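*Asks:* This is the content of upload-v3.pdb (PDB, C-alpha atoms):
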ATOM      1  CA  MET A   1      -4.458  16.913  30.172  1.00  0.00           C
ATOM      2  CA  ARG A   2      -4.600  13.127  29.996  1.00  0.00           C
ATOM      3  CA  ILE A   3      -1.541  11.640  28.300  1.00  0.00           C
ATOM      4  CA  THR A   4      -2.066   8.431  26.339  1.00  0.00           C
ATOM      5  CA  ILE A   5       0.346   5.523  26.552  1.00  0.00           C
ATOM      6  CA  TYR A   6       1.341   6.220  22.954  1.00  0.00           C
ATOM      7  CA  LEU A   7       2.361   9.768  23.798  1.00  0.00           C
ATOM      8  CA  LEU A   8       4.399   8.566  26.767  1.00  0.00           C
ATOM      9  CA  ALA A   9       6.203   6.128  24.498  1.00  0.00           C
ATOM     10  CA  ALA A  10       6.745   8.793  21.865  1.00  0.00           C
ATOM     11  CA  LEU A  11       8.306  11.103  24.420  1.00  0.00           C
ATOM     12  CA  LEU A  12      10.962   8.461  25.131  1.00  0.00           C
ATOM     13  CA  VAL A  13      12.351   8.917  21.630  1.00  0.00           C
ATOM     14  CA  PHE A  14      11.397  12.589  21.368  1.00  0.00           C
ATOM     15  CA  GLY A  15      14.858  13.756  22.419  1.00  0.00           C
ATOM     16  CA  VAL A  16      16.506  11.694  19.695  1.00  0.00           C
ATOM     17  CA  LEU A  17      14.069  13.064  17.146  1.00  0.00           C
ATOM     18  CA  ILE A  18      14.874  16.645  18.124  1.00  0.00           C
ATOM     19  CA  ALA A  19      18.634  16.067  18.091  1.00  0.00           C
ATOM     20  CA  LYS A  20      18.484  14.647  14.587  1.00  0.00           C
ATOM     21  CA  LEU A  21      16.146  17.358  13.336  1.00  0.00           C
ATOM     22  CA  ARG A  22      18.524  20.043  14.575  1.00  0.00           C
ATOM     23  CA  ALA A  23      21.456  18.456  12.782  1.00  0.00           C
ATOM     24  CA  THR A  24      19.975  18.297   9.300  1.00  0.00           C
ATOM     25  CA  PRO A  25      18.162  21.262   7.721  1.00  0.00           C
ATOM     26  CA  ALA A  26      20.763  23.771   8.871  1.00  0.00           C
ATOM     27  CA  ARG A  27      23.610  21.677   7.423  1.00  0.00           C
ATOM     28  CA  LEU A  28      22.596  21.231   3.838  1.00  0.00           C
ATOM     29  CA  GLY A  29      26.218  20.738   2.855  1.00  0.00           C
ATOM     30  CA  HIS A  30      26.893  17.771   5.127  1.00  0.00           C
ATOM     31  CA  GLY A  31      25.898  14.140   4.717  1.00  0.00           C
ATOM     32  CA  ASN A  32      24.625  11.668   7.237  1.00  0.00           C
ATOM     33  CA  HIS A  33      25.234   8.118   6.233  1.00  0.00           C
ATOM     34  CA  GLY A  34      24.019   6.372   9.330  1.00  0.00           C
ATOM     35  CA  GLY A  35      21.702   3.404   9.012  1.00  0.00           C
ATOM     36  CA  ALA A  36      20.056   0.580  10.879  1.00  0.00           C
ATOM     37  CA  SER A  37      22.353  -2.366  11.405  1.00  0.00           C
ATOM     38  CA  SER A  38      19.927  -4.660  13.185  1.00  0.00           C
ATOM     39  CA  VAL A  39      16.281  -5.635  13.217  1.00  0.00           C
ATOM     40  CA  ARG A  40      14.137  -3.086  15.050  1.00  0.00           C
ATOM     41  CA  PRO A  41      11.014  -4.857  16.341  1.00  0.00           C
ATOM     42  CA  GLU A  42       9.332  -1.649  17.520  1.00  0.00           C
ATOM     43  CA  LEU A  43       9.676  -0.079  14.092  1.00  0.00           C
ATOM     44  CA  GLU A  44       8.423  -3.199  12.324  1.00  0.00           C
ATOM     45  CA  TYR A  45       5.452  -3.470  14.682  1.00  0.00           C
ATOM     46  CA  LEU A  46       4.481   0.159  14.156  1.00  0.00           C
ATOM     47  CA  LYS A  47       4.883  -0.214  10.393  1.00  0.00           C
ATOM     48  CA  ALA A  48       2.456  -3.124  10.496  1.00  0.00           C
ATOM     49  CA  VAL A  49      -0.043  -1.179  12.589  1.00  0.00           C
ATOM     50  CA  ASN A  50       0.140   1.856  10.309  1.00  0.00           C
ATOM     51  CA  SER A  51      -0.149  -0.310   7.179  1.00  0.00           C
ATOM     52  CA  VAL A  52      -3.532  -1.806   8.049  1.00  0.00           C
ATOM     53  CA  ALA A  53      -5.517   1.421   8.133  1.00  0.00           C
ATOM     54  CA  PRO A  54      -5.152   5.059   9.142  1.00  0.00           C
ATOM     55  CA  PRO A  55      -4.543   4.908  12.914  1.00  0.00           C
ATOM     56  CA  ARG A  56      -7.385   6.170  15.066  1.00  0.00           C
ATOM     57  CA  ASP A  57      -4.848   7.601  17.472  1.00  0.00           C
ATOM     58  CA  PRO A  58      -2.478   9.911  15.552  1.00  0.00           C
ATOM     59  CA  GLN A  59       0.187   9.283  18.186  1.00  0.00           C
ATOM     60  CA  LEU A  60       0.767   5.928  16.470  1.00  0.00           C
ATOM     61  CA  LEU A  61       1.701   7.781  13.295  1.00  0.00           C
ATOM     62  CA  PHE A  62       4.132  10.098  15.050  1.00  0.00           C
ATOM     63  CA  LEU A  63       5.578   7.302  17.139  1.00  0.00           C
ATOM     64  CA  LEU A  64       6.485   5.495  13.911  1.00  0.00           C
ATOM     65  CA  MET A  65       7.899   8.738  12.530  1.00  0.00           C
ATOM     66  CA  ALA A  66      10.163   8.984  15.586  1.00  0.00           C
ATOM     67  CA  GLN A  67      11.240   5.349  15.181  1.00  0.00           C
ATOM     68  CA  TYR A  68      12.283   6.004  11.571  1.00  0.00           C
ATOM     69  CA  SER A  69      14.260   9.004  12.755  1.00  0.00           C
ATOM     70  CA  ASN A  70      15.875   7.054  15.577  1.00  0.00           C
ATOM     71  CA  ALA A  71      16.946   4.373  13.093  1.00  0.00           C
ATOM     72  CA  ASN A  72      18.439   6.923  10.647  1.00  0.00           C
ATOM     73  CA  LEU A  73      15.917   5.756   8.067  1.00  0.00           C
ATOM     74  CA  GLN A  74      14.306   9.100   7.343  1.00  0.00           C
ATOM     75  CA  GLY A  75      14.225   8.584   3.581  1.00  0.00           C
ATOM     76  CA  GLU A  76      12.552   5.212   3.962  1.00  0.00           C
ATOM     77  CA  GLY A  77      10.119   6.680   6.458  1.00  0.00           C
ATOM     78  CA  ALA A  78       9.137   9.515   4.143  1.00  0.00           C
ATOM     79  CA  GLY A  79       8.520   6.944   1.419  1.00  0.00           C
ATOM     80  CA  PHE A  80       6.416   4.768   3.728  1.00  0.00           C
ATOM     81  CA  PHE A  81       4.155   7.621   4.802  1.00  0.00           C
ATOM     82  CA  SER A  82       3.883   8.917   1.229  1.00  0.00           C
ATOM     83  CA  ALA A  83       2.659   5.483   0.129  1.00  0.00           C
ATOM     84  CA  ARG A  84       0.145   5.339   2.986  1.00  0.00           C
ATOM     85  CA  LEU A  85      -1.129   8.825   2.187  1.00  0.00           C
ATOM     86  CA  LYS A  86      -1.717   7.771  -1.410  1.00  0.00           C
ATOM     87  CA  GLU A  87      -3.342   4.485  -0.368  1.00  0.00           C
ATOM     88  CA  PHE A  88      -5.569   5.887   2.369  1.00  0.00           C
ATOM     89  CA  GLY A  89      -6.197   9.281   0.766  1.00  0.00           C
ATOM     90  CA  PRO A  90      -9.882   8.775  -0.149  1.00  0.00           C
ATOM     91  CA  ARG A  91     -10.646   7.800   3.473  1.00  0.00           C
ATOM     92  CA  LEU A  92      -8.764  10.621   5.173  1.00  0.00           C
ATOM     93  CA  THR A  93     -10.117  13.913   6.431  1.00  0.00           C
ATOM     94  CA  ASP A  94      -8.179  17.052   5.575  1.00  0.00           C
ATOM     95  CA  ALA A  95      -6.795  17.129   9.127  1.00  0.00           C
ATOM     96  CA  GLN A  96      -5.545  13.538   8.796  1.00  0.00           C
ATOM     97  CA  LYS A  97      -3.906  14.327   5.453  1.00  0.00           C
ATOM     98  CA  ALA A  98      -2.191  17.264   7.145  1.00  0.00           C
ATOM     99  CA  LEU A  99      -0.703  14.953   9.777  1.00  0.00           C
ATOM    100  CA  TYR A 100       0.686  12.609   7.133  1.00  0.00           C
ATOM    101  CA  LEU A 101       2.145  15.511   5.164  1.00  0.00           C
ATOM    102  CA  SER A 102       3.743  16.925   8.311  1.00  0.00           C
ATOM    103  CA  ALA A 103       5.350  13.601   9.169  1.00  0.00           C
ATOM    104  CA  ILE A 104       6.636  13.260   5.606  1.00  0.00           C
ATOM    105  CA  GLY A 105       7.914  16.832   5.635  1.00  0.00           C
ATOM    106  CA  LEU A 106       9.822  16.408   8.880  1.00  0.00           C
ATOM    107  CA  LEU A 107      11.469  13.171   7.736  1.00  0.00           C
ATOM    108  CA  ARG A 108      12.359  14.756   4.398  1.00  0.00           C
ATOM    109  CA  ALA A 109      13.939  17.681   6.243  1.00  0.00           C
ATOM    110  CA  GLN A 110      16.071  15.271   8.245  1.00  0.00           C
ATOM    111  CA  HIS A 111      16.986  13.400   5.064  1.00  0.00           C
ATOM    112  CA  ALA A 112      17.942  16.519   3.085  1.00  0.00           C
ATOM    113  CA  SER A 113      21.678  16.251   3.786  1.00  0.00           C
ATOM    114  CA  GLN A 114      21.752  12.880   2.020  1.00  0.00           C
ATOM    115  CA  VAL A 115      20.254  14.247  -1.195  1.00  0.00           C
ATOM    116  CA  SER A 116      22.811  15.116  -3.881  1.00  0.00           C
ATOM    117  CA  LEU A 117      23.815  18.768  -4.084  1.00  0.00           C
ATOM    118  CA  LEU A 118      22.432  18.912  -7.613  1.00  0.00           C
ATOM    119  CA  HIS A 119      18.919  18.100  -6.412  1.00  0.00           C
ATOM    120  CA  ARG A 120      18.989  19.333  -2.811  1.00  0.00           C
ATOM    121  CA  VAL A 121      17.567  22.830  -3.298  1.00  0.00           C
ATOM    122  CA  GLY A 122      14.614  21.489  -5.270  1.00  0.00           C
ATOM    123  CA  TYR A 123      14.115  18.774  -2.670  1.00  0.00           C
ATOM    124  CA  VAL A 124      13.987  21.323   0.145  1.00  0.00           C
ATOM    125  CA  LYS A 125      11.601  23.565  -1.796  1.00  0.00           C
ATOM    126  CA  ASP A 126       9.277  20.599  -2.341  1.00  0.00           C
ATOM    127  CA  THR A 127       9.426  19.885   1.387  1.00  0.00           C
ATOM    128  CA  ILE A 128       8.518  23.504   2.186  1.00  0.00           C
ATOM    129  CA  ALA A 129       5.538  23.251  -0.180  1.00  0.00           C
ATOM    130  CA  MET A 130       4.457  20.044   1.541  1.00  0.00           C
ATOM    131  CA  LEU A 131       4.492  21.689   4.963  1.00  0.00           C
ATOM    132  CA  GLU A 132       2.508  24.625   3.594  1.00  0.00           C
ATOM    133  CA  GLN A 133      -0.078  22.253   2.173  1.00  0.00           C
ATOM    134  CA  ALA A 134      -0.347  20.578   5.581  1.00  0.00           C
ATOM    135  CA  LYS A 135      -1.061  23.938   7.220  1.00  0.00           C
ATOM    136  CA  GLN A 136      -3.710  24.755   4.634  1.00  0.00           C
ATOM    137  CA  LEU A 137      -5.442  21.400   5.057  1.00  0.00           C
ATOM    138  CA  SER A 138      -5.454  21.774   8.839  1.00  0.00           C
ATOM    139  CA  GLY A 139      -6.772  25.305   8.681  1.00  0.00           C
ATOM    140  CA  GLY A 140      -3.671  26.380  10.571  1.00  0.00           C
ATOM    141  CA  GLN A 141      -5.226  25.105  13.793  1.00  0.00           C
ATOM    142  CA  VAL A 142      -3.408  21.823  14.529  1.00  0.00           C
ATOM    143  CA  PHE A 143      -0.570  22.206  17.011  1.00  0.00           C
ATOM    144  CA  VAL A 144       1.659  19.400  15.710  1.00  0.00           C
ATOM    145  CA  VAL A 145       1.357  20.650  12.128  1.00  0.00           C
ATOM    146  CA  ASN A 146       2.418  24.176  13.101  1.00  0.00           C
ATOM    147  CA  TRP A 147       5.114  22.859  15.436  1.00  0.00           C
ATOM    148  CA  ILE A 148       6.775  20.742  12.739  1.00  0.00           C
ATOM    149  CA  ALA A 149       6.583  23.548  10.175  1.00  0.00           C
ATOM    150  CA  GLY A 150       8.033  26.069  12.624  1.00  0.00           C
ATOM    151  CA  ILE A 151      10.902  23.851  13.758  1.00  0.00           C
ATOM    152  CA  VAL A 152      11.860  22.930  10.188  1.00  0.00           C
ATOM    153  CA  HIS A 153      11.537  26.463   8.817  1.00  0.00           C
ATOM    154  CA  ALA A 154      13.577  27.913  11.696  1.00  0.00           C
ATOM    155  CA  GLN A 155      16.598  25.839  10.644  1.00  0.00           C
ATOM    156  CA  LEU A 156      16.595  26.462   6.914  1.00  0.00           C
ATOM    157  CA  PRO A 157      19.306  28.671   5.388  1.00  0.00           C
ATOM    158  CA  GLY A 158      18.330  32.233   4.521  1.00  0.00           C
ATOM    159  CA  ARG A 159      18.189  31.438   0.793  1.00  0.00           C
ATOM    160  CA  PHE A 160      14.828  29.753   1.375  1.00  0.00           C
ATOM    161  CA  HIS A 161      13.285  32.862   3.006  1.00  0.00           C
ATOM    162  CA  GLN A 162      11.368  30.993   5.700  1.00  0.00           C
ATOM    163  CA  LYS A 163      12.384  32.951   8.819  1.00  0.00           C
ATOM    164  CA  ARG A 164       9.158  34.958   8.971  1.00  0.00           C
ATOM    165  CA  ALA A 165       7.095  31.819   8.481  1.00  0.00           C
ATOM    166  CA  ALA A 166       9.008  30.129  11.299  1.00  0.00           C
ATOM    167  CA  GLN A 167       8.431  33.077  13.635  1.00  0.00           C
ATOM    168  CA  ASP A 168       4.711  33.093  12.882  1.00  0.00           C
ATOM    169  CA  GLU A 169       4.321  29.333  13.303  1.00  0.00           C
ATOM    170  CA  LEU A 170       6.272  29.200  16.539  1.00  0.00           C
ATOM    171  CA  ALA A 171       4.445  32.245  17.920  1.00  0.00           C
ATOM    172  CA  TRP A 172       1.171  30.480  17.117  1.00  0.00           C
ATOM    173  CA  CYS A 173       2.338  27.490  19.157  1.00  0.00           C
ATOM    174  CA  VAL A 174       3.033  29.745  22.151  1.00  0.00           C
ATOM    175  CA  ALA A 175      -0.378  31.398  21.843  1.00  0.00           C
ATOM    176  CA  ASN A 176      -2.062  27.990  21.562  1.00  0.00           C
ATOM    177  CA  ALA A 177      -0.019  26.074  24.131  1.00  0.00           C
ATOM    178  CA  ASP A 178      -3.199  24.468  25.467  1.00  0.00           C
ATOM    179  CA  LYS A 179      -3.460  22.525  22.191  1.00  0.00           C
ATOM    180  CA  ALA A 180      -0.020  20.898  22.586  1.00  0.00           C
ATOM    181  CA  PRO A 181       0.053  17.111  23.093  1.00  0.00           C
ATOM    182  CA  HIS A 182       2.281  17.745  26.117  1.00  0.00           C
ATOM    183  CA  ALA A 183       3.827  20.797  27.766  1.00  0.00           C
ATOM    184  CA  GLY A 184       7.286  19.506  26.815  1.00  0.00           C
ATOM    185  CA  TRP A 185       6.614  20.378  23.172  1.00  0.00           C
ATOM    186  CA  LEU A 186       6.937  24.085  24.086  1.00  0.00           C
ATOM    187  CA  ARG A 187      10.612  23.663  24.979  1.00  0.00           C
ATOM    188  CA  GLU A 188      11.705  23.539  21.341  1.00  0.00           C
ATOM    189  CA  VAL A 189       9.310  26.340  20.409  1.00  0.00           C
ATOM    190  CA  TYR A 190      10.988  28.732  22.850  1.00  0.00           C
ATOM    191  CA  TYR A 191      14.439  27.463  21.908  1.00  0.00           C
ATOM    192  CA  TYR A 192      13.984  28.240  18.222  1.00  0.00           C
ATOM    193  CA  LEU A 193      12.202  31.523  18.847  1.00  0.00           C
ATOM    194  CA  GLY A 194      15.293  32.425  20.865  1.00  0.00           C
ATOM    195  CA  LYS A 195      17.643  31.440  18.056  1.00  0.00           C
ATOM    196  CA  LEU A 196      15.638  33.484  15.573  1.00  0.00           C
ATOM    197  CA  ALA A 197      15.706  36.490  17.911  1.00  0.00           C
ATOM    198  CA  LEU A 198      19.446  36.024  18.360  1.00  0.00           C
ATOM    199  CA  ALA A 199      19.947  36.033  14.597  1.00  0.00           C
ATOM    200  CA  ASP A 200      18.051  39.332  14.477  1.00  0.00           C
ATOM    201  CA  GLY A 201      20.378  40.831  17.079  1.00  0.00           C
ATOM    202  CA  GLU A 202      17.684  40.918  19.789  1.00  0.00           C
ATOM    203  CA  GLN A 203      19.814  39.674  22.662  1.00  0.00           C
ATOM    204  CA  GLY A 204      17.346  40.425  25.446  1.00  0.00           C
ATOM    205  CA  LYS A 205      14.449  38.705  23.718  1.00  0.00           C
ATOM    206  CA  ALA A 206      16.661  35.753  22.805  1.00  0.00           C
ATOM    207  CA  GLN A 207      17.755  35.227  26.406  1.00  0.00           C
ATOM    208  CA  GLY A 208      14.158  35.478  27.578  1.00  0.00           C
ATOM    209  CA  TYR A 209      13.106  32.714  25.220  1.00  0.00           C
ATOM    210  CA  LEU A 210      16.136  30.653  26.227  1.00  0.00           C
ATOM    211  CA  ARG A 211      15.167  30.828  29.910  1.00  0.00           C
ATOM    212  CA  ARG A 212      11.625  29.710  29.094  1.00  0.00           C
ATOM    213  CA  SER A 213      12.943  26.807  27.018  1.00  0.00           C
ATOM    214  CA  GLY A 214      14.846  25.272  29.915  1.00  0.00           C
ATOM    215  CA  TYR A 215      18.043  25.061  27.891  1.00  0.00           C
ATOM    216  CA  LYS A 216      21.297  26.392  29.260  1.00  0.00           C
ATOM    217  CA  ASP A 217      22.515  27.821  25.965  1.00  0.00           C
ATOM    218  CA  PHE A 218      21.852  27.778  22.254  1.00  0.00           C
ATOM    219  CA  ASN A 219      23.926  24.637  21.843  1.00  0.00           C
ATOM    220  CA  GLY A 220      20.972  22.673  23.213  1.00  0.00           C
ATOM    221  CA  ARG A 221      22.413  21.891  26.646  1.00  0.00           C
ATOM    222  CA  LEU A 222      19.828  21.500  29.388  1.00  0.00           C
ATOM    223  CA  ARG A 223      20.076  23.387  32.643  1.00  0.00           C
TER     224      ARG A 223
END
Rewrite the structure from the file as structure tokens, please.

*Replies:*
Amino acid sequence: MRITIYLLAALLVFGVLIAKLRATPARLGHGNHGGASSVRPELEYLKAVNSVAPPRDPQLLFLLMAQYSNANLQGEGAGFFSARLKEFGPRLTDAQKALYLSAIGLLRAQHASQVSLLHRVGYVKDTIAMLEQAKQLSGGQVFVVNWIAGIVHAQLPGRFHQKRAAQDELAWCVANADKAPHAGWLREVYYYLGKLALADGEQGKAQGYLRRSGYKDFNGRLR
């Protein structure tokens, strides 16, 4: 598979994106008050590019999403993409709308710990609904849409009843690995399938997924 320059750039911040995503949905009781303390030219450039028109290469959208995450500006990022979705909506295909909704949903999931306890459950439920809408618009056939939904759902507390959805979405990603932007995206799929299996008491299955992920343990340490 040919990898575009945008995907290569996105992979440079992919690890940071994953680390932050892991830290947020599963810790709904903890805050994260980090922020950007300096000008970030890459983020500003990508904001400008994504403000002109819907990007022809969706990697530009997800590269900006990763920049917002890297800068601890997930709330601002979700707002930016929500505004673009509203502005560009009439020009977007259903698949393009699904990509915007997925990016918004992932950033909202990362931002959840900063939402007040009074409003947090409703905020998370709205995020779940957004990810479901993205899957419906994409016909359930876009790898990135299913990947984001699966990773987010896998980390939500049991009260939200999303474990089965996470298992189905992640299993779909395994079955459709040829649709992944890059083989490296499967690492997190196996990792979270392993964690879900571990939570179900399926030790053998969990260790099998862990080996396929390339991680040393379920603390996210690489081999």

*Asks:* Could you tell me how far CA of Gln59 in chain A lies from CA of Glu188 in chain A, in Å and to one decimal?

*Replies:* 18.6 Å

*Asks:* Quick one: apply the PyMOL selection byres ((chain A and resi 181-186) around 9) to the file and drop the selected residues here as a ChimeraX atom specification.

*Replies:* /A:1,3,7,11,143-144,147,173-174,177-180,187-191,212-213

*Asks:* Enumerate, as a list in words, the protein, DNA and RNA residues whose atoms approach (-5.5, 22.7, 10.3) to within 6 Å, taking into account all atoms listed in the file and the coordinate frame of the file.

*Replies:*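 These residues have at least one counted atom within 6 Å: Ala95, Lys135, Leu137, Ser138, Gly139, Gly140, Gln141 and Val142 of chain A.
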
*Asks:* Hey, which of A:Arg211, A:Asn176, A:Leu193, A:Gln74 ends up closest to Val115 in chain A? Count only C-alpha atoms.

*Replies:*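 For Val115 in chain A, the nearest of the candidates is A:Gln74.
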
*Asks:* Select, from A:Leu117, A:Val124, A:Leu63, A:Lys195, the residue with the minimum atom-to-atom distance to Ile151 in chain A, counting only C-alpha atoms.

*Replies:*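 Counting only C-alpha atoms, the residue closest to Ile151 in chain A is A:Lys195.
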
*Asks:* Written as a PyMOL selection string, what is the full residue list that the PyMOL selection byres ((chain A and resi 103) around 12) yields on the file shown?

*Replies:* chain A and resi 17+58-69+74-75+77-82+84-85+96-102+104-110+127+130-131+134+144-149+152

*Asks:* Can you tell me, as a list in words, what residues are no more than 10 Å from Ala165 in chain A when counting all atoms listed in the file, ignoring any on the same chain fewer than 4 positions away?

*Replies:* Glu132, Ala149, Gly150, His153, Ala154, His161, Glu169, Leu170 and Ala171 of chain A

*Asks:* Go ahead and save the picked residues with C-alpha atoms, as a compact mmCIF listing (two decimals), keeping the file's coordinate frame.

*Replies:*
# COMPACT_ATOMS: atom_id res chain seq x y z
CA GLU A 132 2.51 24.62 3.59
CA ALA A 149 6.58 23.55 10.18
CA GLY A 150 8.03 26.07 12.62
CA HIS A 153 11.54 26.46 8.82
CA ALA A 154 13.58 27.91 11.70
CA HIS A 161 13.28 32.86 3.01
CA GLU A 169 4.32 29.33 13.30
CA LEU A 170 6.27 29.20 16.54
CA ALA A 171 4.44 32.24 17.92

*Asks:* Would you mind completing range 103-130 of chain A to N, CA and C atoms and writing the output as an mmCIF file, in the coordinates of the input?

*Replies:*
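Below you can see result.cif, which holds the result:
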data_model
loop_
_atom_site.group_PDB
_atom_site.id
_atom_site.type_symbol
_atom_site.label_atom_id
_atom_site.label_comp_id
_atom_site.auth_asym_id
_atom_site.auth_seq_id
_atom_site.Cartn_x
_atom_site.Cartn_y
_atom_site.Cartn_z
ATOM 1 N N ALA A 103 4.379 14.658 8.864
ATOM 2 C CA ALA A 103 5.350 13.601 9.169
ATOM 3 C C ALA A 103 6.316 13.406 8.008
ATOM 4 N N ILE A 104 5.786 13.403 6.790
ATOM 5 C CA ILE A 104 6.636 13.260 5.606
ATOM 6 C C ILE A 104 7.595 14.437 5.512
ATOM 7 N N GLY A 105 7.085 15.642 5.731
ATOM 8 C CA GLY A 105 7.914 16.832 5.635
ATOM 9 C C GLY A 105 9.045 16.842 6.639
ATOM 10 N N LEU A 106 8.770 16.430 7.865
ATOM 11 C CA LEU A 106 9.822 16.408 8.880
ATOM 12 C C LEU A 106 10.901 15.380 8.535
ATOM 13 N N LEU A 107 10.489 14.194 8.106
ATOM 14 C CA LEU A 107 11.469 13.171 7.736
ATOM 15 C C LEU A 107 12.274 13.594 6.512
ATOM 16 N N ARG A 108 11.635 14.253 5.569
ATOM 17 C CA ARG A 108 12.359 14.756 4.398
ATOM 18 C C ARG A 108 13.390 15.808 4.816
ATOM 19 N N ALA A 109 13.011 16.661 5.766
ATOM 20 C CA ALA A 109 13.939 17.681 6.243
ATOM 21 C C ALA A 109 15.166 17.038 6.869
ATOM 22 N N GLN A 110 14.952 15.982 7.634
ATOM 23 C CA GLN A 110 16.071 15.271 8.245
ATOM 24 C C GLN A 110 16.927 14.564 7.198
ATOM 25 N N HIS A 111 16.305 14.165 6.112
ATOM 26 C CA HIS A 111 16.986 13.400 5.064
ATOM 27 C C HIS A 111 17.697 14.298 4.054
ATOM 28 N N ALA A 112 17.466 15.607 4.125
ATOM 29 C CA ALA A 112 17.942 16.519 3.085
ATOM 30 C C ALA A 112 19.443 16.453 2.869
ATOM 31 N N SER A 113 20.218 16.257 3.933
ATOM 32 C CA SER A 113 21.678 16.251 3.786
ATOM 33 C C SER A 113 22.177 15.056 2.991
ATOM 34 N N GLN A 114 21.339 14.054 2.782
ATOM 35 C CA GLN A 114 21.752 12.880 2.020
ATOM 36 C C GLN A 114 21.343 12.973 0.548
ATOM 37 N N VAL A 115 20.643 14.039 0.192
ATOM 38 C CA VAL A 115 20.254 14.247 -1.195
ATOM 39 C C VAL A 115 21.417 14.931 -1.913
ATOM 40 N N SER A 116 21.686 14.547 -3.143
ATOM 41 C CA SER A 116 22.811 15.116 -3.881
ATOM 42 C C SER A 116 22.677 16.633 -3.983
ATOM 43 N N LEU A 117 23.822 17.310 -4.007
ATOM 44 C CA LEU A 117 23.815 18.768 -4.084
ATOM 45 C C LEU A 117 23.044 19.269 -5.298
ATOM 46 N N LEU A 118 23.103 18.516 -6.382
ATOM 47 C CA LEU A 118 22.432 18.912 -7.613
ATOM 48 C C LEU A 118 20.928 19.030 -7.418
ATOM 49 N N HIS A 119 20.372 18.153 -6.587
ATOM 50 C CA HIS A 119 18.919 18.100 -6.412
ATOM 51 C C HIS A 119 18.442 18.630 -5.062
ATOM 52 N N ARG A 120 19.367 19.023 -4.198
ATOM 53 C CA ARG A 120 18.989 19.333 -2.811
ATOM 54 C C ARG A 120 18.086 20.557 -2.685
ATOM 55 N N VAL A 121 18.384 21.624 -3.420
ATOM 56 C CA VAL A 121 17.567 22.830 -3.298
ATOM 57 C C VAL A 121 16.126 22.553 -3.710
ATOM 58 N N GLY A 122 15.956 21.845 -4.832
ATOM 59 C CA GLY A 122 14.614 21.489 -5.270
ATOM 60 C C GLY A 122 13.906 20.597 -4.268
ATOM 61 N N TYR A 123 14.666 19.689 -3.673
ATOM 62 C CA TYR A 123 14.115 18.774 -2.670
ATOM 63 C C TYR A 123 13.601 19.556 -1.462
ATOM 64 N N VAL A 124 14.399 20.520 -1.014
ATOM 65 C CA VAL A 124 13.987 21.323 0.145
ATOM 66 C C VAL A 124 12.772 22.179 -0.203
ATOM 67 N N LYS A 125 12.750 22.752 -1.390
ATOM 68 C CA LYS A 125 11.601 23.565 -1.796
ATOM 69 C C LYS A 125 10.324 22.725 -1.846
ATOM 70 N N ASP A 126 10.437 21.489 -2.320
ATOM 71 C CA ASP A 126 9.277 20.599 -2.341
ATOM 72 C C ASP A 126 8.813 20.286 -0.916
ATOM 73 N N THR A 127 9.762 20.152 -0.009
ATOM 74 C CA THR A 127 9.426 19.885 1.387
ATOM 75 C C THR A 127 8.707 21.080 2.000
ATOM 76 N N ILE A 128 9.177 22.289 1.698
ATOM 77 C CA ILE A 128 8.518 23.504 2.186
ATOM 78 C C ILE A 128 7.082 23.561 1.680
ATOM 79 N N ALA A 129 6.884 23.239 0.403
ATOM 80 C CA ALA A 129 5.538 23.251 -0.180
ATOM 81 C C ALA A 129 4.643 22.220 0.496
ATOM 82 N N MET A 130 5.212 21.096 0.863
ATOM 83 C CA MET A 130 4.457 20.044 1.541
ATOM 84 C C MET A 130 3.981 20.506 2.918
#
